[in-house]
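Asker: My file is coords.txt. It has compact mmCIF, C-alpha atoms:
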```txt
# COMPACT_ATOMS: atom_id res chain seq x y z
CA MET F 14 1.03 -32.06 -18.26
CA LYS F 15 2.61 -30.38 -21.28
CA LYS F 16 6.32 -29.67 -20.88
CA ARG F 17 7.11 -25.96 -20.74
CA GLU F 18 8.85 -24.69 -23.88
CA GLU F 19 12.25 -23.02 -23.59
CA TYR F 20 13.05 -19.82 -25.44
CA ALA F 21 15.87 -19.43 -27.96
CA ASP F 22 17.10 -16.74 -30.29
CA LEU F 23 17.35 -18.87 -33.42
CA ILE F 24 16.38 -22.36 -34.54
CA VAL F 25 17.67 -23.86 -37.79
CA LYS F 26 15.41 -26.82 -38.54
CA ASN F 27 15.02 -29.67 -41.06
CA CYS F 28 18.69 -29.61 -42.11
CA SER F 29 21.27 -32.28 -42.72
CA LEU F 30 24.24 -31.70 -40.44
CA LEU F 31 27.98 -32.34 -40.24
CA THR F 32 28.90 -33.92 -36.91
CA PRO F 33 32.29 -33.36 -35.19
CA ASP F 34 33.39 -36.85 -36.31
CA PHE F 35 32.47 -36.05 -39.93
CA GLN F 36 29.27 -38.00 -40.21
CA VAL F 37 26.18 -36.64 -41.94
CA ILE F 38 22.88 -36.89 -40.07
CA HIS F 39 19.50 -35.76 -41.32
CA ASN F 40 16.33 -34.00 -40.12
CA GLN F 41 18.26 -32.07 -37.51
CA ALA F 42 17.62 -28.81 -35.68
CA ILE F 43 20.23 -26.46 -34.22
CA VAL F 44 19.12 -24.25 -31.34
CA ILE F 45 21.06 -21.06 -30.53
CA LYS F 46 20.62 -18.83 -27.49
CA ASP F 47 22.86 -16.03 -26.24
CA GLN F 48 25.31 -16.62 -29.16
CA THR F 49 25.76 -20.28 -28.16
CA ILE F 50 24.48 -23.60 -29.48
CA VAL F 51 22.29 -24.93 -26.66
CA ASP F 52 20.87 -28.02 -28.35
CA ILE F 53 21.17 -30.16 -31.48
CA GLY F 54 18.80 -32.97 -32.29
CA ASP F 55 15.83 -34.31 -34.21
CA THR F 56 13.73 -31.47 -35.61
CA SER F 57 10.38 -32.89 -34.51
CA THR F 58 11.61 -33.25 -30.94
CA LEU F 59 13.32 -29.88 -30.57
CA SER F 60 10.51 -27.99 -32.31
CA LYS F 61 8.28 -29.05 -29.43
CA SER F 62 10.86 -28.10 -26.80
CA PHE F 63 11.89 -24.62 -27.99
CA THR F 64 10.24 -21.43 -29.14
CA ALA F 65 12.58 -19.11 -31.04
CA THR F 66 12.56 -15.45 -31.96
CA GLU F 67 13.62 -16.49 -35.47
CA THR F 68 13.37 -19.80 -37.29
CA VAL F 69 15.14 -20.87 -40.48
CA ASP F 70 13.63 -23.76 -42.40
CA ALA F 71 16.69 -25.46 -43.90
CA LYS F 72 14.96 -28.28 -45.73
CA GLY F 73 17.21 -29.42 -48.58
CA LYS F 74 20.21 -27.71 -47.00
CA PHE F 75 23.37 -28.94 -45.28
CA ALA F 76 24.59 -27.29 -42.08
CA MET F 77 28.28 -27.22 -41.28
CA PRO F 78 30.64 -25.05 -39.23
CA GLY F 79 31.47 -21.73 -40.86
CA LEU F 80 34.73 -21.89 -42.79
CA ILE F 81 37.77 -20.17 -41.24
CA ASP F 82 40.27 -18.37 -43.47
CA ALA F 83 43.47 -18.62 -41.45
CA HIS F 84 45.54 -16.33 -43.67
CA THR F 85 44.26 -13.45 -45.76
CA HIS F 86 44.94 -9.81 -46.63
CA THR F 87 41.73 -7.80 -46.53
CA CYS F 88 43.53 -4.72 -47.87
CA GLN F 89 44.29 -6.43 -51.22
CA GLN F 90 40.82 -6.58 -52.76
CA LEU F 91 41.71 -3.66 -55.04
CA LEU F 92 44.69 -5.65 -56.35
CA ARG F 93 42.49 -8.37 -57.82
CA GLY F 94 43.64 -9.64 -61.21
CA ARG F 95 46.81 -7.53 -61.28
CA ILE F 96 49.61 -9.92 -60.35
CA ALA F 97 48.73 -13.08 -62.27
CA ASP F 98 51.03 -13.87 -65.21
CA GLU F 99 53.53 -11.23 -64.11
CA LEU F 100 57.26 -11.84 -64.10
CA PRO F 101 59.27 -11.46 -60.84
CA MET F 102 59.62 -9.60 -58.65
CA ILE F 103 55.90 -9.02 -58.09
CA TRP F 104 56.54 -7.99 -54.48
CA THR F 105 58.83 -5.06 -55.34
CA ARG F 106 57.29 -4.00 -58.68
CA ILE F 107 53.60 -4.19 -57.83
CA MET F 108 52.67 -5.16 -54.29
CA VAL F 109 54.93 -2.79 -52.36
CA PRO F 110 53.96 0.28 -54.46
CA PHE F 111 50.32 -0.74 -54.08
CA GLU F 112 50.44 -1.08 -50.29
CA SER F 113 52.57 2.02 -49.80
CA ARG F 114 49.90 4.16 -51.51
CA LEU F 115 46.92 2.81 -49.57
CA GLN F 116 44.87 5.48 -47.83
CA GLU F 117 42.30 4.98 -45.07
CA LYS F 118 39.42 5.15 -47.55
CA ASP F 119 41.04 2.43 -49.70
CA VAL F 120 41.50 0.08 -46.75
CA HIS F 121 37.94 0.71 -45.61
CA ILE F 122 36.30 -0.16 -48.92
CA SER F 123 38.71 -3.04 -49.53
CA SER F 124 37.97 -4.60 -46.15
CA GLN F 125 34.22 -4.07 -46.64
CA LEU F 126 34.48 -5.88 -49.97
CA SER F 127 36.50 -8.65 -48.31
CA CYS F 128 33.88 -9.15 -45.63
CA LEU F 129 31.14 -9.18 -48.25
CA GLU F 130 32.96 -11.80 -50.31
CA MET F 131 33.67 -13.96 -47.27
CA ILE F 132 30.06 -13.92 -46.13
CA LYS F 133 28.88 -14.94 -49.59
CA SER F 134 31.44 -17.77 -49.86
CA GLY F 135 30.81 -19.41 -46.48
CA THR F 136 33.65 -17.95 -44.41
CA THR F 137 32.54 -16.83 -40.96
CA SER F 138 35.95 -16.18 -39.36
CA PHE F 139 39.33 -15.05 -40.65
CA ILE F 140 42.86 -14.08 -39.67
CA ASP F 141 44.22 -10.97 -41.38
CA ALA F 142 47.98 -10.84 -41.85
CA GLY F 143 48.04 -7.09 -41.27
CA GLY F 144 48.66 -3.95 -43.23
CA ARG F 145 48.16 -0.20 -42.97
CA HIS F 146 45.20 1.61 -41.39
CA MET F 147 43.97 -1.53 -39.70
CA HIS F 148 41.45 0.38 -37.59
CA LYS F 149 39.40 0.67 -40.80
CA VAL F 150 39.49 -3.13 -41.15
CA ALA F 151 38.22 -3.39 -37.57
CA GLU F 152 35.31 -1.12 -38.43
CA SER F 153 34.40 -3.28 -41.42
CA VAL F 154 34.51 -6.50 -39.39
CA LEU F 155 32.27 -5.03 -36.71
CA GLU F 156 29.82 -3.82 -39.36
CA SER F 157 29.74 -7.16 -41.18
CA GLY F 158 29.09 -9.37 -38.16
CA LEU F 159 32.03 -11.65 -39.03
CA ARG F 160 34.56 -12.94 -36.55
CA GLY F 161 38.18 -11.93 -37.11
CA VAL F 162 41.76 -11.62 -35.96
CA ILE F 163 43.58 -8.48 -37.11
CA THR F 164 47.03 -7.03 -36.56
CA SER F 165 49.19 -4.13 -37.68
CA SER F 166 51.93 -4.95 -40.14
CA THR F 167 55.37 -4.52 -38.57
CA MET F 168 58.44 -3.68 -40.63
CA ASP F 169 61.59 -1.75 -39.76
CA SER F 170 64.19 -3.06 -42.22
CA GLY F 171 64.70 -4.46 -45.72
CA LYS F 172 66.21 -2.66 -48.70
CA GLU F 173 63.12 -3.40 -50.82
CA ILE F 174 60.72 -1.78 -48.36
CA PRO F 175 59.98 1.93 -48.98
CA THR F 176 61.09 4.29 -46.22
CA ASP F 177 57.52 5.43 -45.52
CA MET F 178 56.50 1.82 -44.78
CA LYS F 179 59.27 1.31 -42.21
CA LEU F 180 58.66 2.40 -38.64
CA SER F 181 60.93 2.41 -35.63
CA ILE F 182 60.58 -0.41 -33.11
CA ALA F 183 58.72 1.90 -30.72
CA GLU F 184 56.38 3.11 -33.47
CA ASN F 185 55.61 -0.44 -34.60
CA ILE F 186 54.84 -1.63 -31.09
CA ASN F 187 52.82 1.45 -30.17
CA LEU F 188 50.72 1.18 -33.34
CA ASN F 189 49.84 -2.43 -32.60
CA ARG F 190 49.24 -1.70 -28.90
CA GLN F 191 46.86 1.10 -29.86
CA LEU F 192 44.95 -1.27 -32.16
CA PHE F 193 44.87 -3.87 -29.37
CA ASN F 194 43.64 -1.45 -26.73
CA GLU F 195 40.92 -0.04 -28.95
CA PHE F 196 39.52 -3.15 -30.62
CA ASN F 197 40.56 -6.38 -28.89
CA GLY F 198 37.42 -8.13 -27.66
CA SER F 199 35.06 -5.71 -29.40
CA GLY F 200 31.88 -6.78 -31.18
CA ASP F 201 30.87 -8.96 -28.22
CA GLY F 202 34.20 -10.76 -28.47
CA ARG F 203 34.12 -11.28 -32.25
CA LEU F 204 37.31 -9.33 -32.87
CA ASP F 205 40.76 -10.29 -31.57
CA VAL F 206 43.92 -8.27 -32.07
CA TRP F 207 47.27 -10.05 -32.36
CA PHE F 208 50.83 -8.90 -32.96
CA SER F 209 52.77 -9.77 -36.08
CA LEU F 210 56.00 -9.88 -38.01
CA ARG F 211 55.45 -9.10 -41.67
CA SER F 212 58.38 -11.42 -42.27
CA ILE F 213 61.76 -12.13 -40.72
CA ILE F 214 63.43 -10.49 -43.71
CA SER F 215 61.69 -7.15 -43.03
CA CYS F 216 62.03 -7.11 -39.24
CA SER F 217 65.20 -6.49 -37.25
CA PRO F 218 66.14 -8.98 -34.50
CA GLU F 219 65.29 -6.31 -31.92
CA LEU F 220 61.80 -5.78 -33.37
CA ILE F 221 61.19 -9.52 -33.47
CA GLN F 222 62.02 -9.86 -29.79
CA GLN F 223 59.86 -6.89 -28.85
CA VAL F 224 56.85 -8.15 -30.81
CA PHE F 225 56.85 -11.47 -28.98
CA THR F 226 57.49 -9.83 -25.60
CA THR F 227 54.60 -7.39 -26.03
CA ALA F 228 52.23 -10.07 -27.31
CA LYS F 229 52.95 -12.14 -24.22
CA GLU F 230 52.27 -9.12 -22.01
CA CYS F 231 48.90 -8.74 -23.77
CA SER F 232 48.17 -12.50 -23.65
CA THR F 233 47.52 -12.61 -27.38
CA GLY F 234 48.83 -14.40 -30.46
CA VAL F 235 51.61 -13.69 -32.95
CA GLN F 236 51.63 -14.44 -36.67
CA SER F 237 54.19 -14.14 -39.44
CA HIS F 238 54.80 -15.12 -43.04
CA MET F 239 57.18 -18.08 -42.75
CA ASN F 240 59.22 -20.20 -45.18
CA GLU F 241 57.37 -18.83 -48.19
CA TYR F 242 60.26 -17.85 -50.46
CA THR F 243 63.75 -19.21 -51.08
CA ASN F 244 65.30 -15.74 -50.62
CA GLU F 245 63.75 -15.58 -47.14
CA ILE F 246 65.46 -18.83 -46.18
CA GLY F 247 68.69 -17.70 -47.82
CA TYR F 248 68.56 -14.47 -45.81
CA CYS F 249 68.28 -16.40 -42.54
CA LEU F 250 71.07 -18.81 -43.47
CA GLU F 251 73.35 -15.96 -44.52
CA ASN F 252 72.70 -13.77 -41.49
CA PHE F 253 71.97 -16.25 -38.69
CA LYS F 254 73.34 -19.59 -39.99
CA MET F 255 69.86 -20.97 -39.32
CA ARG F 256 66.61 -21.47 -41.20
CA PRO F 257 63.60 -19.26 -40.30
CA TYR F 258 61.94 -21.50 -37.71
CA GLU F 259 65.33 -22.46 -36.30
CA TYR F 260 66.17 -18.80 -35.86
CA LEU F 261 62.94 -17.93 -34.04
CA ASP F 262 63.36 -21.01 -31.87
CA SER F 263 66.89 -19.91 -30.95
CA LEU F 264 65.35 -16.71 -29.59
CA GLY F 265 63.09 -18.72 -27.31
CA VAL F 266 59.91 -17.06 -28.62
CA LEU F 267 57.98 -19.90 -30.24
CA ASP F 268 54.99 -21.45 -28.49
CA ASN F 269 51.40 -22.54 -29.11
CA ASN F 270 50.31 -18.92 -29.70
CA PHE F 271 52.34 -18.64 -32.91
CA LEU F 272 50.86 -19.02 -36.40
CA GLY F 273 53.24 -19.46 -39.32
CA ALA F 274 51.50 -18.52 -42.56
CA HIS F 275 52.48 -20.48 -45.68
CA SER F 276 55.22 -22.65 -44.11
CA ILE F 277 55.92 -24.30 -47.45
CA LEU F 278 59.68 -24.85 -47.56
CA LEU F 279 60.22 -26.68 -44.26
CA SER F 280 63.18 -28.83 -43.32
CA ALA F 281 62.75 -31.96 -41.19
CA ASN F 282 64.21 -30.11 -38.21
CA GLU F 283 61.82 -27.21 -38.66
CA MET F 284 58.87 -29.60 -38.66
CA GLU F 285 60.10 -30.97 -35.35
CA ILE F 286 60.40 -27.44 -33.95
CA ILE F 287 56.83 -26.67 -35.02
CA ARG F 288 55.62 -29.90 -33.40
CA ASN F 289 57.59 -29.45 -30.18
CA ARG F 290 56.56 -25.81 -29.73
CA GLN F 291 52.95 -26.57 -30.77
CA CYS F 292 52.95 -23.79 -33.36
CA LYS F 293 50.16 -23.62 -35.92
CA VAL F 294 50.53 -23.58 -39.71
CA ALA F 295 48.32 -21.97 -42.37
CA HIS F 296 48.69 -23.06 -46.00
CA SER F 297 47.31 -21.02 -48.91
CA PRO F 298 47.11 -23.65 -51.67
CA VAL F 299 46.48 -21.48 -54.75
CA SER F 300 49.07 -18.86 -53.80
CA ASN F 301 51.57 -21.44 -52.57
CA SER F 302 51.40 -23.60 -55.71
CA GLY F 303 53.61 -21.12 -57.57
CA LYS F 304 56.28 -21.25 -54.86
CA GLY F 305 56.35 -24.83 -53.64
CA ILE F 306 54.27 -27.70 -52.29
CA PRO F 307 54.20 -28.13 -48.49
CA ASN F 308 54.66 -31.60 -47.05
CA THR F 309 51.26 -31.48 -45.40
CA PRO F 310 50.85 -35.27 -45.02
CA GLN F 311 53.96 -35.35 -42.85
CA LEU F 312 52.82 -32.32 -40.84
CA LEU F 313 49.52 -34.04 -40.12
CA GLN F 314 51.25 -37.29 -39.20
CA LYS F 315 53.23 -35.35 -36.60
CA GLY F 316 50.01 -34.00 -35.10
CA ILE F 317 50.71 -30.42 -36.20
CA THR F 318 47.70 -28.12 -36.60
CA VAL F 319 47.24 -27.23 -40.27
CA SER F 320 44.72 -24.63 -41.39
CA LEU F 321 43.86 -23.12 -44.77
CA GLY F 322 43.93 -19.54 -46.03
CA THR F 323 43.31 -17.69 -49.27
CA ASP F 324 46.20 -15.18 -49.05
CA GLY F 325 43.86 -12.41 -50.21
CA ALA F 326 42.29 -11.42 -53.51
CA GLY F 327 45.65 -10.45 -54.99
CA HIS F 328 46.42 -14.17 -55.31
CA SER F 329 42.96 -15.75 -55.54
CA GLY F 330 39.39 -15.23 -54.47
CA LEU F 331 38.44 -15.48 -50.81
CA ASN F 332 36.76 -18.83 -51.40
CA LEU F 333 37.95 -21.71 -49.24
CA PHE F 334 35.96 -24.27 -51.24
CA ASP F 335 38.25 -23.45 -54.17
CA GLN F 336 41.29 -23.77 -51.91
CA MET F 337 40.23 -27.21 -50.68
CA ARG F 338 39.57 -28.47 -54.19
CA VAL F 339 42.93 -27.22 -55.51
CA PHE F 340 44.77 -28.55 -52.46
CA LYS F 341 43.35 -32.04 -52.85
CA SER F 342 44.68 -32.19 -56.43
CA LEU F 343 48.07 -30.78 -55.40
CA MET F 344 48.45 -33.35 -52.64
CA ARG F 345 47.43 -36.22 -54.92
CA ALA F 346 49.89 -35.18 -57.64
CA SER F 347 52.80 -34.37 -55.31
CA PHE F 348 52.55 -37.07 -52.64
CA GLY F 349 49.88 -39.56 -53.69
CA ALA F 350 50.85 -40.34 -57.28
CA PRO F 351 54.59 -41.05 -56.68
CA ILE F 352 53.79 -43.78 -54.13
CA PHE F 353 50.34 -44.72 -55.49
CA ASP F 354 48.42 -43.50 -52.45
CA PRO F 355 45.04 -42.27 -53.76
CA VAL F 356 43.84 -41.29 -50.27
CA VAL F 357 46.87 -39.21 -49.25
CA MET F 358 44.53 -36.27 -48.55
CA PRO F 359 40.96 -37.40 -47.81
CA SER F 360 38.05 -35.00 -47.94
CA THR F 361 37.56 -35.15 -44.18
CA SER F 362 41.11 -33.90 -43.63
CA LEU F 363 40.51 -30.91 -45.90
CA LEU F 364 37.22 -30.08 -44.19
CA GLU F 365 38.92 -30.29 -40.81
CA MET F 366 41.67 -27.90 -41.91
CA ALA F 367 39.07 -25.38 -43.10
CA THR F 368 37.02 -25.58 -39.89
CA LEU F 369 38.57 -26.98 -36.70
CA GLY F 370 42.12 -26.38 -38.00
CA GLY F 371 41.24 -22.73 -38.51
CA ALA F 372 39.67 -22.56 -35.06
CA LYS F 373 42.90 -23.87 -33.53
CA ALA F 374 44.90 -21.36 -35.56
CA MET F 375 42.67 -18.62 -34.10
CA LEU F 376 43.23 -20.05 -30.59
CA ARG F 377 39.46 -20.59 -30.34
CA GLU F 378 39.01 -24.33 -30.75
CA ASP F 379 36.95 -24.40 -27.55
CA GLN F 380 34.39 -22.11 -29.22
CA LEU F 381 34.57 -22.72 -32.98
CA GLY F 382 35.25 -25.29 -35.67
CA THR F 383 32.53 -27.88 -34.97
CA LEU F 384 28.78 -27.86 -34.44
CA GLU F 385 28.46 -28.87 -30.79
CA ILE F 386 26.45 -27.85 -27.77
CA GLY F 387 28.36 -25.15 -25.90
CA LYS F 388 30.15 -23.77 -28.94
CA LYS F 389 29.41 -20.49 -30.68
CA GLY F 390 26.53 -20.32 -33.12
CA ASP F 391 28.75 -19.96 -36.20
CA LEU F 392 27.54 -22.02 -39.16
CA ILE F 393 26.66 -21.97 -42.82
CA LEU F 394 23.92 -23.61 -44.86
CA ILE F 395 24.58 -25.10 -48.29
CA ASP F 396 21.84 -25.81 -50.82
CA VAL F 397 22.59 -29.46 -51.61
CA ASP F 398 19.30 -30.15 -53.37
CA GLN F 399 20.81 -29.34 -56.77
CA PRO F 400 21.70 -31.47 -59.81
CA HIS F 401 25.45 -30.92 -59.49
CA ILE F 402 25.36 -32.16 -55.88
CA GLN F 403 22.56 -34.71 -55.56
CA PRO F 404 22.30 -37.62 -55.59
CA THR F 405 25.67 -38.56 -54.15
CA HIS F 406 27.22 -41.64 -52.59
CA ASN F 407 29.29 -39.46 -50.28
CA LEU F 408 28.26 -35.88 -49.56
CA LEU F 409 31.60 -34.91 -48.03
CA ASN F 410 33.49 -35.97 -51.16
CA THR F 411 30.99 -34.03 -53.24
CA LEU F 412 31.48 -30.94 -51.07
CA ILE F 413 35.16 -30.93 -52.01
CA GLU F 414 34.64 -31.93 -55.63
CA VAL F 415 31.89 -29.60 -56.84
CA VAL F 416 30.43 -27.25 -54.21
CA THR F 417 31.15 -23.58 -54.86
CA SER F 418 30.63 -20.36 -52.96
CA ARG F 419 27.34 -19.80 -54.82
CA ASP F 420 25.88 -22.88 -53.18
CA VAL F 421 26.17 -21.24 -49.74
CA THR F 422 22.74 -19.79 -48.99
CA ASP F 423 22.93 -18.69 -45.35
CA ALA F 424 25.67 -17.55 -42.97
CA ILE F 425 25.27 -17.27 -39.20
CA VAL F 426 27.71 -15.88 -36.62
CA ASP F 427 26.93 -15.75 -32.89
CA GLY F 428 23.45 -16.93 -33.77
CA LYS F 429 22.84 -13.87 -35.97
CA LEU F 430 21.96 -14.21 -39.64
CA LEU F 431 24.51 -12.37 -41.77
CA MET F 432 23.12 -13.78 -45.00
CA LYS F 433 19.74 -15.37 -45.70
CA ASP F 434 18.95 -17.02 -49.04
CA ARG F 435 22.02 -15.32 -50.61
CA GLN F 436 20.94 -11.87 -49.41
CA VAL F 437 23.55 -10.23 -47.17
CA LEU F 438 21.73 -8.56 -44.29
CA THR F 439 24.53 -6.65 -42.56
CA MET F 440 26.14 -4.78 -45.46
CA ASP F 441 25.03 -2.72 -48.45
CA GLU F 442 26.30 -4.89 -51.29
CA GLU F 443 25.33 -2.55 -54.14
CA LYS F 444 26.99 0.46 -52.50
CA ILE F 445 30.19 -1.46 -51.70
CA LEU F 446 30.54 -2.78 -55.24
CA TYR F 447 30.02 0.68 -56.73
CA GLU F 448 32.52 2.39 -54.40
CA SER F 449 35.13 -0.34 -54.80
CA LYS F 450 35.22 0.12 -58.59
CA LEU F 451 35.87 3.84 -58.17
CA SER F 452 38.55 3.19 -55.54
CA MET F 453 40.38 0.65 -57.68
CA LYS F 454 40.63 3.12 -60.55
CA GLU F 455 41.91 5.94 -58.33
CA LEU F 456 44.40 3.72 -56.49
CA SER F 457 45.81 2.25 -59.71
CA ILE F 458 46.65 5.74 -60.93
CA ARG F 459 48.07 6.81 -57.57
CA ALA F 460 50.26 3.69 -57.19
CA ASN F 461 51.16 3.55 -60.89
CA ILE F 462 50.43 -0.16 -61.14
```
Would it be possible to restate this file's structure as structure tokens?
Answerer:
Amino acid sequence: MKKREEYADLIVKNCSLLTPDFQVIHNQAIVIKDQTIVDIGDTSTLSKSFTATETVDAKGKFAMPGLIDAHTHTCQQLLRGRIADELPMIWTRIMVPFESRLQEKDVHISSQLSCLEMIKSGTTSFIDAGGRHMHKVAESVLESGLRGVITSSTMDSGKEIPTDMKLSIAENINLNRQLFNEFNGSGDGRLDVWFSLRSIISCSPELIQQVFTTAKECSTGVQSHMNEYTNEIGYCLENFKMRPYEYLDSLGVLDNNFLGAHSILLSANEMEIIRNRQCKVAHSPVSNSGKGIPNTPQLLQKGITVSLGTDGAGHSGLNLFDQMRVFKSLMRASFGAPIFDPVVMPSTSLLEMATLGGAKAMLREDQLGTLEIGKKGDLILIDVDQPHIQPTHNLLNTLIEVVTSRDVTDAIVDGKLLMKDRQVLTMDEEKILYESKLSMKELSIRANI
């Protein structure tokens, strides 16, 4: 008697596949139903067991978990190309005037453009560091089909911050609470809302305490820019006689729900604090390389979760393949070459940072970061049947060495195709590109940058 076929929403068949232990297996099928991976196995076997509403023939393609950008600024797309080769202080001369002049329409088109770029470069989830008019970012995420974490930027102090960008403690908390109440869990759970500190240097001690207290009441995460600049560390030493992580730890607020973006200039004691409190770290290799080189090998040896971010289009493109490639070279030059350790940062470690590391940073490692039965149907397909990729002795090394965003052909989130054969299905690419060019011109005049 013929076995009864089960129904699924989507089957991706005939692909090579990245396993959770970083092996590559071939002729595989991935079956997704109700947003979840329900089976993975040999294509010929599963094709007989399941009937799907939609089938993707991925012959010649490589399936892997969608990349996770653990630190970005979706409101900075209209700053692209403006801050490179500029003398200090970029923050006060360019970035603050830019952000202070952002209107809702600017944030909307910028975040749409961000989502479009992420889809086309293989990123399926991201963590936004926050900014103004974040409800417009939420709208873009929901439209795009991506998965995201957003927050409102919180600042109430700092002589370099314009008055109209500073809010009272109550206003900061209420703005983030409003965002949380309206959007947390929306898009069938694709959108999470966290709380944030823009940085310790722009938040009063009272605001810092209140942010963490409110986030705990809402059972959500907290993120902040940490140990990115020397003046930030100098500020903490001068005012608190402690370094940034030491100061937050003295307040009793650090735990496994905290994500420290950048975390470049860490002392040995701060690394221990991060490890003991189970905080997460997000490096942005291209942006960070002009400020310092993080001791990532030591962080990994301590079992600390390290993820990767792009830091937004103001610093680089939103392409995590570029970030991995740059980071491998930075780690080799900074830590490998001095002690002749050519494998100080293997390809598998970089891939893990960009997938499972990002999932842990998002507090979603039980749902994301690997292709496994029971996890969300978030994955990308890469066309590996190309002369710059095949043949190869080691596909994972080749992914880091030569694969680019243009090699990503398909993007899937919650079992829904966001991009098929390089065609984005959820957003109007032509319209977004046209409107973004107009917005950049208008904003540049308004912000005088």
Asker: Write out as JSON lines the residues of segment 114-169 of chain F that have any atom within 8 Å of an atom of segment 433-452 of chain F, one row each with the nearest atom pair and its distance in Å to one decimal, counting only C-alpha atoms, sorted by chain and then rising number.
Answerer:
```
{"residue": "F:Asp119", "atom": "CA", "partner": "F:Ser452", "partner_atom": "CA", "distance": 6.4}
{"residue": "F:Ile122", "atom": "CA", "partner": "F:Ser449", "partner_atom": "CA", "distance": 6.0}
{"residue": "F:Ser123", "atom": "CA", "partner": "F:Ser449", "partner_atom": "CA", "distance": 6.9}
{"residue": "F:Gln125", "atom": "CA", "partner": "F:Ile445", "partner_atom": "CA", "distance": 7.0}
{"residue": "F:Leu126", "atom": "CA", "partner": "F:Ile445", "partner_atom": "CA", "distance": 6.4}
{"residue": "F:Leu129", "atom": "CA", "partner": "F:Glu442", "partner_atom": "CA", "distance": 7.1}
{"residue": "F:Ile132", "atom": "CA", "partner": "F:Val437", "partner_atom": "CA", "distance": 7.6}
{"residue": "F:Lys133", "atom": "CA", "partner": "F:Arg435", "partner_atom": "CA", "distance": 6.9}
{"residue": "F:Glu156", "atom": "CA", "partner": "F:Thr439", "partner_atom": "CA", "distance": 6.8}
{"residue": "F:Ser157", "atom": "CA", "partner": "F:Thr439", "partner_atom": "CA", "distance": 5.4}
{"residue": "F:Gly158", "atom": "CA", "partner": "F:Thr439", "partner_atom": "CA", "distance": 6.9}
```
Asker: Hey, what's within 10 Å of Arg203 of chain F if we count all atoms listed in the file and toss same-chain stuff fewer than 3 positions away? As a PyMOL selection string, please?
Answerer: chain F and resi 138+154-155+158-162+196-200+426-427
Asker: Ranking F:Thr233, F:Thr105, F:Asn240, F:Ser113 by minimum distance to Met178 of chain F and counting all atoms listed in the file, which one comes first?
Answerer: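 Of the candidates, the smallest distance to Met178 of chain F is held by F:Ser113.
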Asker: Might you pull out every residue within 9 Å of Val397 of chain F, with all atoms listed in the file counted and same-chain residues fewer than 4 positions away left off, and present them as a PyMOL selection string?
Answerer: chain F and resi 73-75+401-403+408+416+420
Asker: Residues of segment 121-202 of chain F within 12 Å of segment 303-321 of chain F: nearest atom pair and distance (Å, one decimal) for each, counting all atoms listed in the file, sorted by chain and number, as a Markdown table?
Answerer:
```
| residue | atom | partner | partner_atom | distance |
| --- | --- | --- | --- | --- |
| F:Thr136 | CA | F:Leu321 | CA | 11.5 |
| F:Ser138 | CA | F:Leu321 | CA | 11.8 |
| F:Phe139 | CA | F:Leu321 | CA | 10.1 |
| F:Ile140 | CA | F:Leu321 | CA | 10.4 |
```
Asker: Rank nothing, just name the residue among F:Leu331, F:Leu220, F:Val356, F:Leu204 nearest to Met375 of chain F, using all atoms listed in the file.
Answerer: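 Answer, going by the shortest atom-to-atom distance: F:Leu204.
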Asker: Between atom CA of Glu18 of chain F and atom CA of Gln41 of chain F, what is the distance in Å, rounded to a tenth?
Answerer: 18.1 Å
Asker: Please list as a list in words every residue within 9 Å of Thr323 of chain F, counting all atoms listed in the file and excluding residues in the same chain fewer than 3 positions away.
Answerer: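 Here the qualifying residues turn out to be Asp82, Ala83, His84, Thr85, His86, His296, Ser297, Pro298, Val299, Ser300, Ala326, His328, Ser329, Gly330, Leu331, Asn332, Leu333 and Gln336 of chain F.
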